[in-house]
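Quick look at protein18.cif (mmCIF, C-alpha atoms):
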data_run
loop_
_atom_site.label_atom_id
_atom_site.label_comp_id
_atom_site.auth_asym_id
_atom_site.auth_seq_id
_atom_site.Cartn_x
_atom_site.Cartn_y
_atom_site.Cartn_z
CA MET R 1 -12.70 -27.60 -4.27
CA ARG R 2 -14.03 -29.10 -7.51
CA HIS R 3 -12.55 -26.52 -9.86
CA VAL R 4 -9.04 -25.18 -9.48
CA HIS R 5 -6.72 -22.80 -11.30
CA ARG R 6 -3.16 -21.93 -10.32
CA LEU R 7 -1.26 -18.87 -11.44
CA GLN R 8 1.72 -16.66 -10.74
CA ILE R 9 1.39 -12.87 -10.47
CA GLY R 10 4.71 -11.17 -9.84
CA PRO R 11 6.34 -12.82 -6.83
CA ALA R 12 3.08 -14.32 -5.53
CA SER R 13 1.51 -17.62 -6.55
CA PHE R 14 -2.17 -18.40 -6.09
CA ARG R 15 -4.32 -21.49 -6.06
CA ILE R 16 -7.91 -20.53 -6.73
CA GLY R 17 -10.56 -23.10 -6.01
CA SER R 18 -14.29 -22.89 -6.50
CA ASP R 19 -17.47 -24.90 -6.05
CA TRP R 20 -18.52 -23.65 -9.48
CA ALA R 21 -16.90 -24.09 -12.89
CA ALA R 22 -17.82 -20.68 -14.32
CA PRO R 23 -15.70 -18.36 -12.12
CA ILE R 24 -12.65 -20.56 -12.56
CA ALA R 25 -13.15 -20.71 -16.33
CA GLN R 26 -13.38 -16.90 -16.44
CA VAL R 27 -10.30 -16.45 -14.28
CA ALA R 28 -8.33 -19.02 -16.30
CA ASP R 29 -9.29 -17.26 -19.53
CA LEU R 30 -8.45 -13.74 -18.37
CA TYR R 31 -5.16 -14.94 -16.88
CA ARG R 32 -4.35 -17.34 -19.73
CA ASP R 33 -1.08 -15.55 -20.61
CA TYR R 34 0.24 -15.73 -17.02
CA PRO R 35 2.69 -18.47 -16.06
CA ALA R 36 1.80 -21.32 -13.76
CA PRO R 37 3.67 -21.35 -10.42
CA ALA R 38 7.10 -22.95 -10.58
CA ASP R 39 6.18 -25.62 -8.06
CA ASP R 40 3.06 -27.23 -6.64
CA VAL R 41 3.05 -25.25 -3.41
CA CYS R 42 1.31 -21.91 -3.87
CA ASP R 43 1.82 -18.94 -1.56
CA TYR R 44 -1.89 -18.28 -1.24
CA THR R 45 -5.03 -20.33 -1.47
CA VAL R 46 -8.29 -18.67 -2.43
CA ARG R 47 -11.66 -20.37 -2.11
CA LEU R 48 -14.92 -19.33 -3.69
CA PHE R 49 -17.52 -21.49 -2.06
CA ALA R 50 -21.19 -21.77 -1.33
CA ALA R 51 -21.96 -20.95 2.29
CA ARG R 52 -24.61 -23.71 2.27
CA PRO R 53 -24.55 -26.76 -0.02
CA TRP R 54 -27.85 -25.88 -1.70
CA ARG R 55 -26.54 -22.41 -2.54
CA ARG R 56 -24.45 -23.98 -5.27
CA TRP R 57 -27.67 -24.17 -7.29
CA LEU R 58 -30.36 -22.21 -5.51
CA ARG R 59 -29.69 -18.45 -5.81
CA PRO R 60 -25.97 -19.26 -5.98
CA ALA R 61 -23.88 -16.89 -3.88
CA ILE R 62 -20.11 -16.85 -3.58
CA THR R 63 -18.49 -16.67 -0.16
CA LEU R 64 -14.79 -15.77 -0.09
CA GLY R 65 -12.39 -18.02 1.76
CA GLY R 66 -8.72 -18.76 2.25
CA ASP R 67 -6.20 -18.48 5.04
CA PHE R 68 -7.57 -15.04 5.85
CA THR R 69 -11.22 -14.02 5.85
CA LEU R 70 -13.22 -10.94 6.65
CA PRO R 71 -16.10 -11.75 8.98
CA GLU R 72 -18.34 -9.03 7.56
CA ALA R 73 -17.81 -9.97 3.91
CA VAL R 74 -21.14 -10.39 2.15
CA PRO R 75 -21.64 -13.25 -0.34
CA MET R 76 -21.65 -12.15 -3.98
CA PRO R 77 -23.78 -13.20 -6.95
CA LEU R 78 -22.27 -15.97 -9.05
CA ALA R 79 -22.14 -13.59 -12.03
CA TRP R 80 -19.51 -11.59 -10.15
CA GLY R 81 -17.15 -14.56 -10.10
CA VAL R 82 -14.14 -12.68 -11.48
CA LEU R 83 -14.66 -9.89 -8.96
CA ALA R 84 -14.94 -12.44 -6.16
CA ALA R 85 -11.70 -14.11 -7.23
CA GLU R 86 -9.88 -10.78 -7.49
CA MET R 87 -11.13 -9.62 -4.10
CA ALA R 88 -10.18 -12.92 -2.50
CA MET R 89 -6.70 -12.83 -4.03
CA ASN R 90 -6.20 -9.24 -2.88
CA LEU R 91 -7.36 -10.15 0.60
CA GLN R 92 -4.97 -13.08 0.95
CA LEU R 93 -2.03 -10.99 -0.24
CA ALA R 94 -3.00 -7.91 1.80
CA LEU R 95 -3.27 -9.81 5.06
CA GLY R 96 -0.84 -12.65 4.49
CA GLU R 97 2.17 -11.09 2.80
CA ARG R 98 5.31 -11.02 4.97
CA ARG R 99 8.20 -10.73 2.49
CA TYR R 100 7.31 -7.33 1.07
CA LEU R 101 5.79 -4.17 2.45
CA LEU R 102 2.50 -3.86 0.64
CA LEU R 103 1.53 -0.38 -0.46
CA HIS R 104 -1.97 0.23 -1.75
CA ALA R 105 -0.66 1.96 -4.85
CA SER R 106 -0.48 1.57 -8.57
CA ALA R 107 2.96 1.41 -10.11
CA VAL R 108 4.45 1.95 -13.55
CA GLU R 109 8.05 1.75 -14.69
CA ARG R 110 10.22 3.49 -17.24
CA ASP R 111 14.00 3.17 -17.70
CA GLY R 112 14.23 0.90 -14.68
CA ARG R 113 12.64 3.41 -12.30
CA ALA R 114 9.20 3.16 -10.78
CA LEU R 115 6.46 5.73 -10.30
CA LEU R 116 4.06 4.92 -7.46
CA MET R 117 0.58 6.43 -7.24
CA THR R 118 -1.40 6.05 -4.06
CA GLY R 119 -4.75 7.38 -2.99
CA LEU R 120 -8.23 6.51 -1.88
CA SER R 121 -10.57 4.54 -4.10
CA GLY R 122 -11.65 6.88 -6.89
CA ALA R 123 -8.40 8.88 -6.85
CA GLY R 124 -7.65 7.50 -10.31
CA LYS R 125 -4.59 5.43 -9.59
CA SER R 126 -5.78 2.43 -11.63
CA THR R 127 -6.87 4.51 -14.60
CA LEU R 128 -3.71 6.61 -14.65
CA ALA R 129 -1.51 3.51 -14.47
CA ALA R 130 -3.46 1.81 -17.26
CA LEU R 131 -3.29 4.92 -19.46
CA LEU R 132 0.43 5.40 -18.82
CA ALA R 133 0.90 1.79 -19.93
CA THR R 134 -0.40 2.86 -23.35
CA ARG R 135 2.21 5.64 -23.50
CA GLY R 136 5.52 3.91 -23.11
CA TRP R 137 5.39 2.94 -19.45
CA ARG R 138 5.38 -0.62 -18.14
CA LEU R 139 2.41 -1.42 -15.92
CA MET R 140 3.65 -2.95 -12.68
CA GLY R 141 0.29 -3.06 -10.96
CA ASP R 142 -2.89 -1.09 -10.36
CA GLU R 143 -3.55 -2.14 -6.76
CA PHE R 144 -0.43 -3.10 -4.83
CA ALA R 145 3.22 -2.12 -5.03
CA LEU R 146 5.44 -4.61 -3.19
CA LEU R 147 8.37 -2.85 -1.53
CA ASP R 148 11.31 -5.14 -0.75
CA PRO R 149 12.82 -4.12 2.63
CA ALA R 150 16.11 -5.79 1.69
CA THR R 151 16.70 -3.83 -1.53
CA GLY R 152 14.33 -0.84 -1.45
CA ARG R 153 13.06 -1.90 -4.86
CA VAL R 154 9.44 -2.36 -5.83
CA HIS R 155 8.16 -5.63 -7.23
CA ALA R 156 5.37 -5.78 -9.74
CA PHE R 157 1.96 -7.30 -9.07
CA PRO R 158 0.24 -6.90 -12.44
CA ARG R 159 -3.11 -8.49 -11.70
CA LEU R 160 -6.15 -7.60 -13.80
CA VAL R 161 -6.70 -3.83 -13.79
CA SER R 162 -9.90 -3.02 -11.94
CA LEU R 163 -11.74 -0.27 -13.85
CA LYS R 164 -14.70 1.46 -12.32
CA ASN R 165 -17.52 3.54 -13.79
CA GLU R 166 -16.30 6.15 -16.31
CA SER R 167 -12.83 4.53 -16.36
CA VAL R 168 -14.35 1.56 -18.19
CA GLY R 169 -15.25 3.73 -21.20
CA VAL R 170 -11.97 5.65 -21.00
CA MET R 171 -9.91 2.47 -21.27
CA GLN R 172 -12.15 0.83 -23.88
CA ALA R 173 -11.53 3.89 -26.06
CA ALA R 174 -7.80 4.02 -25.25
CA VAL R 175 -7.04 0.34 -25.90
CA PRO R 176 -9.87 -1.01 -28.07
CA GLY R 177 -7.84 -4.12 -28.88
CA ALA R 178 -7.27 -5.10 -25.24
CA ARG R 179 -9.05 -7.95 -23.53
CA PHE R 180 -11.67 -7.09 -20.92
CA GLY R 181 -13.62 -9.18 -18.46
CA PRO R 182 -17.42 -9.08 -18.24
CA LEU R 183 -19.05 -5.75 -17.36
CA LEU R 184 -20.30 -6.11 -13.78
CA GLY R 185 -23.08 -3.65 -13.05
CA GLY R 186 -24.27 -2.44 -9.67
CA THR R 187 -21.37 -3.63 -7.54
CA PRO R 188 -20.68 -1.76 -4.27
CA LYS R 189 -18.14 0.29 -6.25
CA GLY R 190 -20.47 0.89 -9.19
CA ASP R 191 -19.98 -0.55 -12.68
CA LEU R 192 -16.79 -2.54 -12.82
CA ARG R 193 -14.82 -4.19 -15.60
CA HIS R 194 -11.42 -5.88 -15.53
CA LEU R 195 -8.73 -5.14 -18.10
CA VAL R 196 -6.03 -7.69 -18.93
CA PRO R 197 -2.59 -6.04 -18.66
CA ASP R 198 -0.60 -5.83 -21.88
CA ALA R 199 1.95 -8.44 -22.92
CA ASP R 200 4.93 -6.36 -21.72
CA ALA R 201 3.48 -6.09 -18.19
CA ILE R 202 3.03 -9.85 -18.02
CA ALA R 203 6.34 -10.81 -19.65
CA ARG R 204 8.36 -8.55 -17.34
CA MET R 205 6.42 -9.07 -14.12
CA ALA R 206 9.46 -10.57 -12.36
CA GLU R 207 11.50 -7.38 -12.94
CA PRO R 208 11.60 -5.07 -9.90
CA ALA R 209 12.37 -1.35 -10.20
CA ALA R 210 13.80 1.33 -7.94
CA PRO R 211 11.11 3.80 -6.87
CA ALA R 212 11.83 7.33 -8.13
CA LEU R 213 8.62 9.27 -7.43
CA VAL R 214 5.52 8.85 -5.26
CA LEU R 215 2.41 10.69 -6.41
CA TYR R 216 -0.72 11.26 -4.35
CA PRO R 217 -3.32 11.96 -7.05
CA ARG R 218 -6.87 13.21 -6.46
CA TYR R 219 -9.36 13.21 -9.31
CA GLY R 220 -12.07 15.82 -9.76
CA PHE R 221 -10.31 18.91 -8.41
CA ALA R 222 -8.79 21.95 -10.07
CA ASP R 223 -5.16 21.54 -11.11
CA ALA R 224 -2.87 21.81 -8.08
CA GLU R 225 0.46 20.41 -7.00
CA ARG R 226 2.38 20.47 -3.74
CA MET R 227 5.36 18.66 -2.34
CA VAL R 228 4.53 16.03 0.27
CA PRO R 229 7.23 16.24 2.96
CA PRO R 230 8.72 12.94 4.19
CA GLY R 231 6.86 13.04 7.51
CA GLU R 232 3.46 13.38 5.84
CA GLY R 233 4.46 10.80 3.24
CA PHE R 234 5.40 8.36 5.97
CA VAL R 235 2.03 8.76 7.70
CA ARG R 236 0.08 8.45 4.45
CA LEU R 237 2.00 5.38 3.31
CA THR R 238 1.64 3.59 6.64
CA GLN R 239 -2.09 4.16 6.22
CA ALA R 240 -1.84 2.87 2.65
CA SER R 241 -0.03 -0.29 3.73
CA THR R 242 -1.98 -3.38 4.64
CA ASN R 243 0.88 -5.14 6.42
CA TYR R 244 3.07 -2.35 7.87
CA THR R 245 2.41 -3.45 11.44
CA ALA R 246 2.99 -7.12 10.66
CA LEU R 247 6.44 -6.43 9.20
CA GLY R 248 7.61 -4.67 12.37
CA GLU R 249 11.03 -3.06 12.19
CA ARG R 250 11.65 -4.20 8.60
CA GLY R 251 8.58 -2.25 7.52
CA PHE R 252 9.69 0.79 9.50
CA ASP R 253 13.13 0.75 7.90
CA ALA R 254 11.75 0.19 4.40
CA LEU R 255 9.22 3.01 4.64
CA THR R 256 11.46 5.58 6.31
CA ALA R 257 14.12 4.87 3.65
CA LEU R 258 11.52 5.30 0.90
CA VAL R 259 10.15 8.66 2.07
CA ARG R 260 13.64 10.02 2.80
CA SER R 261 15.05 9.12 -0.62
CA VAL R 262 12.08 9.44 -2.98
CA PRO R 263 10.19 12.71 -3.53
CA GLY R 264 6.45 12.80 -2.92
CA ILE R 265 4.05 15.12 -4.73
CA ALA R 266 0.29 15.52 -4.30
CA ILE R 267 -1.50 16.33 -7.54
CA ASP R 268 -5.13 17.34 -7.96
CA TYR R 269 -6.47 17.03 -11.47
CA PRO R 270 -9.74 17.78 -13.24
CA ASP R 271 -9.36 15.20 -16.03
CA THR R 272 -7.01 12.42 -17.08
CA ASP R 273 -5.27 14.48 -19.79
CA ALA R 274 -4.24 17.01 -17.16
CA ALA R 275 -2.95 14.23 -14.91
CA LEU R 276 -0.98 12.53 -17.68
CA GLY R 277 0.61 15.85 -18.60
CA ALA R 278 1.53 16.48 -14.97
CA VAL R 279 3.04 13.02 -14.60
CA GLU R 280 5.27 13.44 -17.66
CA ARG R 281 6.34 16.92 -16.58
CA LEU R 282 7.13 15.90 -13.00
CA TRP R 283 8.96 12.80 -14.17
CA ALA R 284 11.08 14.80 -16.62
CA ALA R 285 12.00 17.23 -13.81
CA LEU R 286 13.40 14.50 -11.52
CA MET O 1 11.33 12.13 40.85
CA ARG O 2 13.74 11.44 38.00
CA TYR O 3 12.99 10.32 34.49
CA VAL O 4 15.16 8.37 32.07
CA ALA O 5 14.63 7.41 28.43
CA VAL O 6 14.39 3.74 27.55
CA ASP O 7 17.71 2.37 26.39
CA SER O 8 18.56 3.75 22.96
CA SER O 9 18.96 0.20 21.64
CA ALA O 10 15.21 -0.25 22.21
CA LEU O 11 14.36 2.52 19.75
CA ARG O 12 14.91 3.35 16.10
CA ILE O 13 14.66 7.08 15.55
CA ALA O 14 14.40 8.30 11.96
CA PRO O 15 14.37 12.08 11.48
CA LEU O 16 12.09 12.79 8.50
CA ASP O 17 11.69 16.58 8.40
CA THR O 18 10.27 18.56 11.30
CA LEU O 19 8.77 15.21 12.30
CA SER O 20 10.61 12.11 13.38
CA ALA O 21 9.43 8.52 13.27
CA ILE O 22 10.31 6.41 16.29
CA TYR O 23 10.02 2.64 16.24
CA HIS O 24 9.70 1.17 19.73
CA ARG O 25 11.05 -2.35 19.51
CA ALA O 26 9.45 -3.60 22.72
CA SER O 27 5.90 -2.77 21.63
CA GLY O 28 6.30 -2.74 17.83
CA ILE O 29 4.55 0.62 17.82
CA THR O 30 5.62 3.48 15.56
CA HIS O 31 5.38 6.97 17.02
CA ILE O 32 5.37 10.11 14.88
CA VAL O 33 6.75 12.91 17.00
CA ASP O 34 7.57 16.56 16.60
CA SER O 35 10.36 18.52 18.24
CA PRO O 36 11.23 18.51 21.15
CA VAL O 37 10.60 14.80 21.68
CA PRO O 38 13.86 13.57 20.07
CA GLU O 39 15.73 16.22 22.07
CA LEU O 40 13.97 15.11 25.27
CA LEU O 41 14.91 11.49 24.67
CA ALA O 42 18.53 12.44 23.98
CA ALA O 43 18.68 14.55 27.14
CA LEU O 44 17.19 11.73 29.18
CA ALA O 45 19.98 9.32 28.26
CA GLN O 46 20.88 10.02 31.86
CA PRO O 47 18.26 10.33 34.64
CA ARG O 48 17.08 13.85 35.34
CA THR O 49 14.34 15.53 37.35
CA VAL O 50 11.93 17.83 35.51
CA ASP O 51 13.81 20.88 36.73
CA GLU O 52 17.20 19.40 35.80
CA LEU O 53 15.87 18.52 32.38
CA LEU O 54 14.47 21.99 31.86
CA ALA O 55 17.77 23.55 32.87
CA HIS O 56 19.63 21.24 30.50
CA LEU O 57 17.29 22.00 27.58
CA SER O 58 17.48 25.74 28.26
CA ALA O 59 21.27 25.55 28.16
CA GLU O 60 21.40 23.44 24.99
CA TYR O 61 18.55 24.94 22.98
CA ASP O 62 16.68 28.17 22.59
CA VAL O 63 13.69 27.57 24.89
CA PRO O 64 11.52 30.70 24.83
CA ASP O 65 8.74 29.42 27.10
CA ALA O 66 10.48 27.36 29.78
CA ASP O 67 7.59 25.85 31.74
CA SER O 68 8.18 22.92 34.08
CA ALA O 69 4.45 22.07 34.28
CA ALA O 70 4.21 21.74 30.48
CA LEU O 71 7.41 19.69 30.42
CA ALA O 72 6.01 17.38 33.11
CA GLU O 73 2.92 16.85 30.92
CA ARG O 74 5.10 15.89 27.91
CA LEU O 75 7.07 13.48 30.12
CA ALA O 76 3.85 11.88 31.33
CA GLU O 77 2.81 11.35 27.68
CA LEU O 78 6.16 9.80 26.84
CA GLU O 79 5.93 7.61 29.93
CA GLY O 80 2.50 6.45 28.78
CA ALA O 81 3.96 5.61 25.36
CA GLY O 82 6.73 3.59 27.01
CA LEU O 83 9.50 5.82 25.70
CA VAL O 84 10.43 7.27 29.12
CA MET O 85 10.53 5.63 32.53
CA ARG O 86 10.85 6.80 36.10
CA ALA O 87 14.42 6.21 37.21
#
Would you mind writing the structure in this file as structure tokens?
Amino acid sequence: MRHVHRLQIGPASFRIGSDWAAPIAQVADLYRDYPAPADDVCDYTVRLFAARPWRRWLRPAITLGGDFTLPEAVPMPLAWGVLAAEMAMNLQLALGERRYLLLHASAVERDGRALLMTGLSGAGKSTLAALLATRGWRLMGDEFALLDPATGRVHAFPRLVSLKNESVGVMQAAVPGARFGPLLGGTPKGDLRHLVPDADAIARMAEPAAPALVLYPRYGFADAERMVPPGEGFVRLTQASTNYTALGERGFDALTALVRSVPGIAIDYPDTDAALGAVERLWAAL
Amino acid sequence: MRYVAVDSSALRIAPLDTLSAIYHRASGITHIVDSPVPELLAALAQPRTVDELLAHLSAEYDVPDADSAALAERLAELEGAGLVMRA
């Protein structure tokens, strides 16, 4: 790889290489406040490369590579370099991680305790986590919560926050002074823009937290709440984990302990103000 | 024909609520089961025929619809999942 950047996000270190300078320059700029890995050996290698040599120049298209690949992944336009790097980093972690149980969830922390929010794409977990981070919570991550089977605590993975469609405007209004990546229009998930987590999220990314509440939010529905019993929570979280099967018995023990000790609540919400109010109320009632 | 549960050391059983999660160490597969599966596995710590098992369950628990054909079907499912064997 001609162009390389190395960085640490929470407990995971990445080496990102590319045939092109531009995606690496963008990644290095957006992640400029993140530390470099402590040693030269990174946990994950990510490659953004041209599938054919001439595609470096002629209609350049990025193919994602690394230790793990998806055979059906479609090359992306060079202008989507940041998105390609983020997707490739997520993919390596999702399929390669063996220390922690990966939950597809956003996470925020207050007073040493973590709130996890999991749901399908569009449920609002990224937006809610990013908004809570403007209201006294520490952002631990908008995509993955890393559950440590040995301690039951959650480790942060505060990568760039991936905002989609109306969330872009919501967060630009909420944190006008924050740094954002380029607006990427017409991606498979619509308009997309990355938000750089605040300084607190980056400075404290090595601090784990004990999970205290798991929320299952759904955006675009009338206000509703219901308890999620442990059995249902277990099923939903195994589905939300990318490496549950790979962890074997450690994953089983970690997840059964989580759903038995931490309450789960499904919340439907019509708008973000309603969701933020519900989060604060449910948190205060713990 | 007698059935017996796989050795209890081969399983991790975690009661969650009305459901239980069972981790089968030999296959690495997690099963989510409802009552009476944990009770069946406990009763089959020793080999029993379907009729013996039904009699045992009826004595231990309130079994309103004792039906040996239905019990045989459940045992066949558990056998397929590797949680119960023929003794």
Kindly provide the residues of chain R that approach chain O to within 6 Å, each paired with its closest atom pair and their distance in Å to one decimal, based on only C-alpha atoms, listed by chain and increasing number, as a tab-separated table.
residue	atom	partner	partner_atom	distance
R:Pro230	CA	O:Leu16	CA	5.5
R:Gly231	CA	O:Leu16	CA	5.3
R:Gly248	CA	O:Gly28	CA	5.9
For this session: Report as a list in words the full result of the PyMOL selection byres ((chain O and resi 4-6) around 9) when it is applied to this structure.
Result: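 Taken on the displayed file, the PyMOL selection byres ((chain O and resi 4-6) around 9) yields the residues Arg2, Tyr3, Asp7, Ser8, Ser9, Ala10, Leu11, Leu40, Leu41, Ala42, Ala43, Leu44, Ala45, Gln46, Pro47, Arg48, Thr49, Leu78, Glu79, Gly82, Leu83, Val84, Met85, Arg86 and Ala87 of chain O.
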Can you write just those residues out, C-alpha atoms, as a PDB file, keeping the file's coordinate frame?
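To be explicit, this is the file written out as part.pdb:
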ATOM      1  CA  ARG O   2      13.740  11.440  38.000  1.00  0.00           C
ATOM      2  CA  TYR O   3      12.990  10.320  34.490  1.00  0.00           C
ATOM      3  CA  ASP O   7      17.710   2.370  26.390  1.00  0.00           C
ATOM      4  CA  SER O   8      18.560   3.750  22.960  1.00  0.00           C
ATOM      5  CA  SER O   9      18.960   0.200  21.640  1.00  0.00           C
ATOM      6  CA  ALA O  10      15.210  -0.250  22.210  1.00  0.00           C
ATOM      7  CA  LEU O  11      14.360   2.520  19.750  1.00  0.00           C
ATOM      8  CA  LEU O  40      13.970  15.110  25.270  1.00  0.00           C
ATOM      9  CA  LEU O  41      14.910  11.490  24.670  1.00  0.00           C
ATOM     10  CA  ALA O  42      18.530  12.440  23.980  1.00  0.00           C
ATOM     11  CA  ALA O  43      18.680  14.550  27.140  1.00  0.00           C
ATOM     12  CA  LEU O  44      17.190  11.730  29.180  1.00  0.00           C
ATOM     13  CA  ALA O  45      19.980   9.320  28.260  1.00  0.00           C
ATOM     14  CA  GLN O  46      20.880  10.020  31.860  1.00  0.00           C
ATOM     15  CA  PRO O  47      18.260  10.330  34.640  1.00  0.00           C
ATOM     16  CA  ARG O  48      17.080  13.850  35.340  1.00  0.00           C
ATOM     17  CA  THR O  49      14.340  15.530  37.350  1.00  0.00           C
ATOM     18  CA  LEU O  78       6.160   9.800  26.840  1.00  0.00           C
ATOM     19  CA  GLU O  79       5.930   7.610  29.930  1.00  0.00           C
ATOM     20  CA  GLY O  82       6.730   3.590  27.010  1.00  0.00           C
ATOM     21  CA  LEU O  83       9.500   5.820  25.700  1.00  0.00           C
ATOM     22  CA  VAL O  84      10.430   7.270  29.120  1.00  0.00           C
ATOM     23  CA  MET O  85      10.530   5.630  32.530  1.00  0.00           C
ATOM     24  CA  ARG O  86      10.850   6.800  36.100  1.00  0.00           C
ATOM     25  CA  ALA O  87      14.420   6.210  37.210  1.00  0.00           C
TER      26      ALA O  87
END
Problem set entry | Contact residues around segment 61-72 of chain O with all atoms listed in the file at 10 Å, ignoring same-chain residues under 3 positions, as a list in words | Pro36, Glu39, Leu40, Thr49, Val50, Asp51, Glu52, Leu53, Leu54, Ala55, His56, Leu57, Ser58, Leu75, Ala76, Glu77 and Leu78 of chain O
Problem set entry | Exercise: Leu115 of chain R partners within 9 Å, all atoms listed in the file, chain neighbours under 4 positions left out, as a PyMOL selection string | chain R and resi 106-110+210-215+283
For this session: Give me the result of the PyMOL selection byres ((chain R and resi 12) around 8) on this file, residue by residue, as a VMD selection string.
Result: chain R and resid 8 to 11 13 to 14 42 to 44 157
Print the selection's residues with C-alpha atoms to a file, as a PDB file, in the frame of the given file.
ATOM      1  CA  GLN R   8       1.720 -16.660 -10.740  1.00  0.00           C
ATOM      2  CA  ILE R   9       1.390 -12.870 -10.470  1.00  0.00           C
ATOM      3  CA  GLY R  10       4.710 -11.170  -9.840  1.00  0.00           C
ATOM      4  CA  PRO R  11       6.340 -12.820  -6.830  1.00  0.00           C
ATOM      5  CA  SER R  13       1.510 -17.620  -6.550  1.00  0.00           C
ATOM      6  CA  PHE R  14      -2.170 -18.400  -6.090  1.00  0.00           C
ATOM      7  CA  CYS R  42       1.310 -21.910  -3.870  1.00  0.00           C
ATOM      8  CA  ASP R  43       1.820 -18.940  -1.560  1.00  0.00           C
ATOM      9  CA  TYR R  44      -1.890 -18.280  -1.240  1.00  0.00           C
ATOM     10  CA  PHE R 157       1.960  -7.300  -9.070  1.00  0.00           C
TER      11      PHE R 157
END
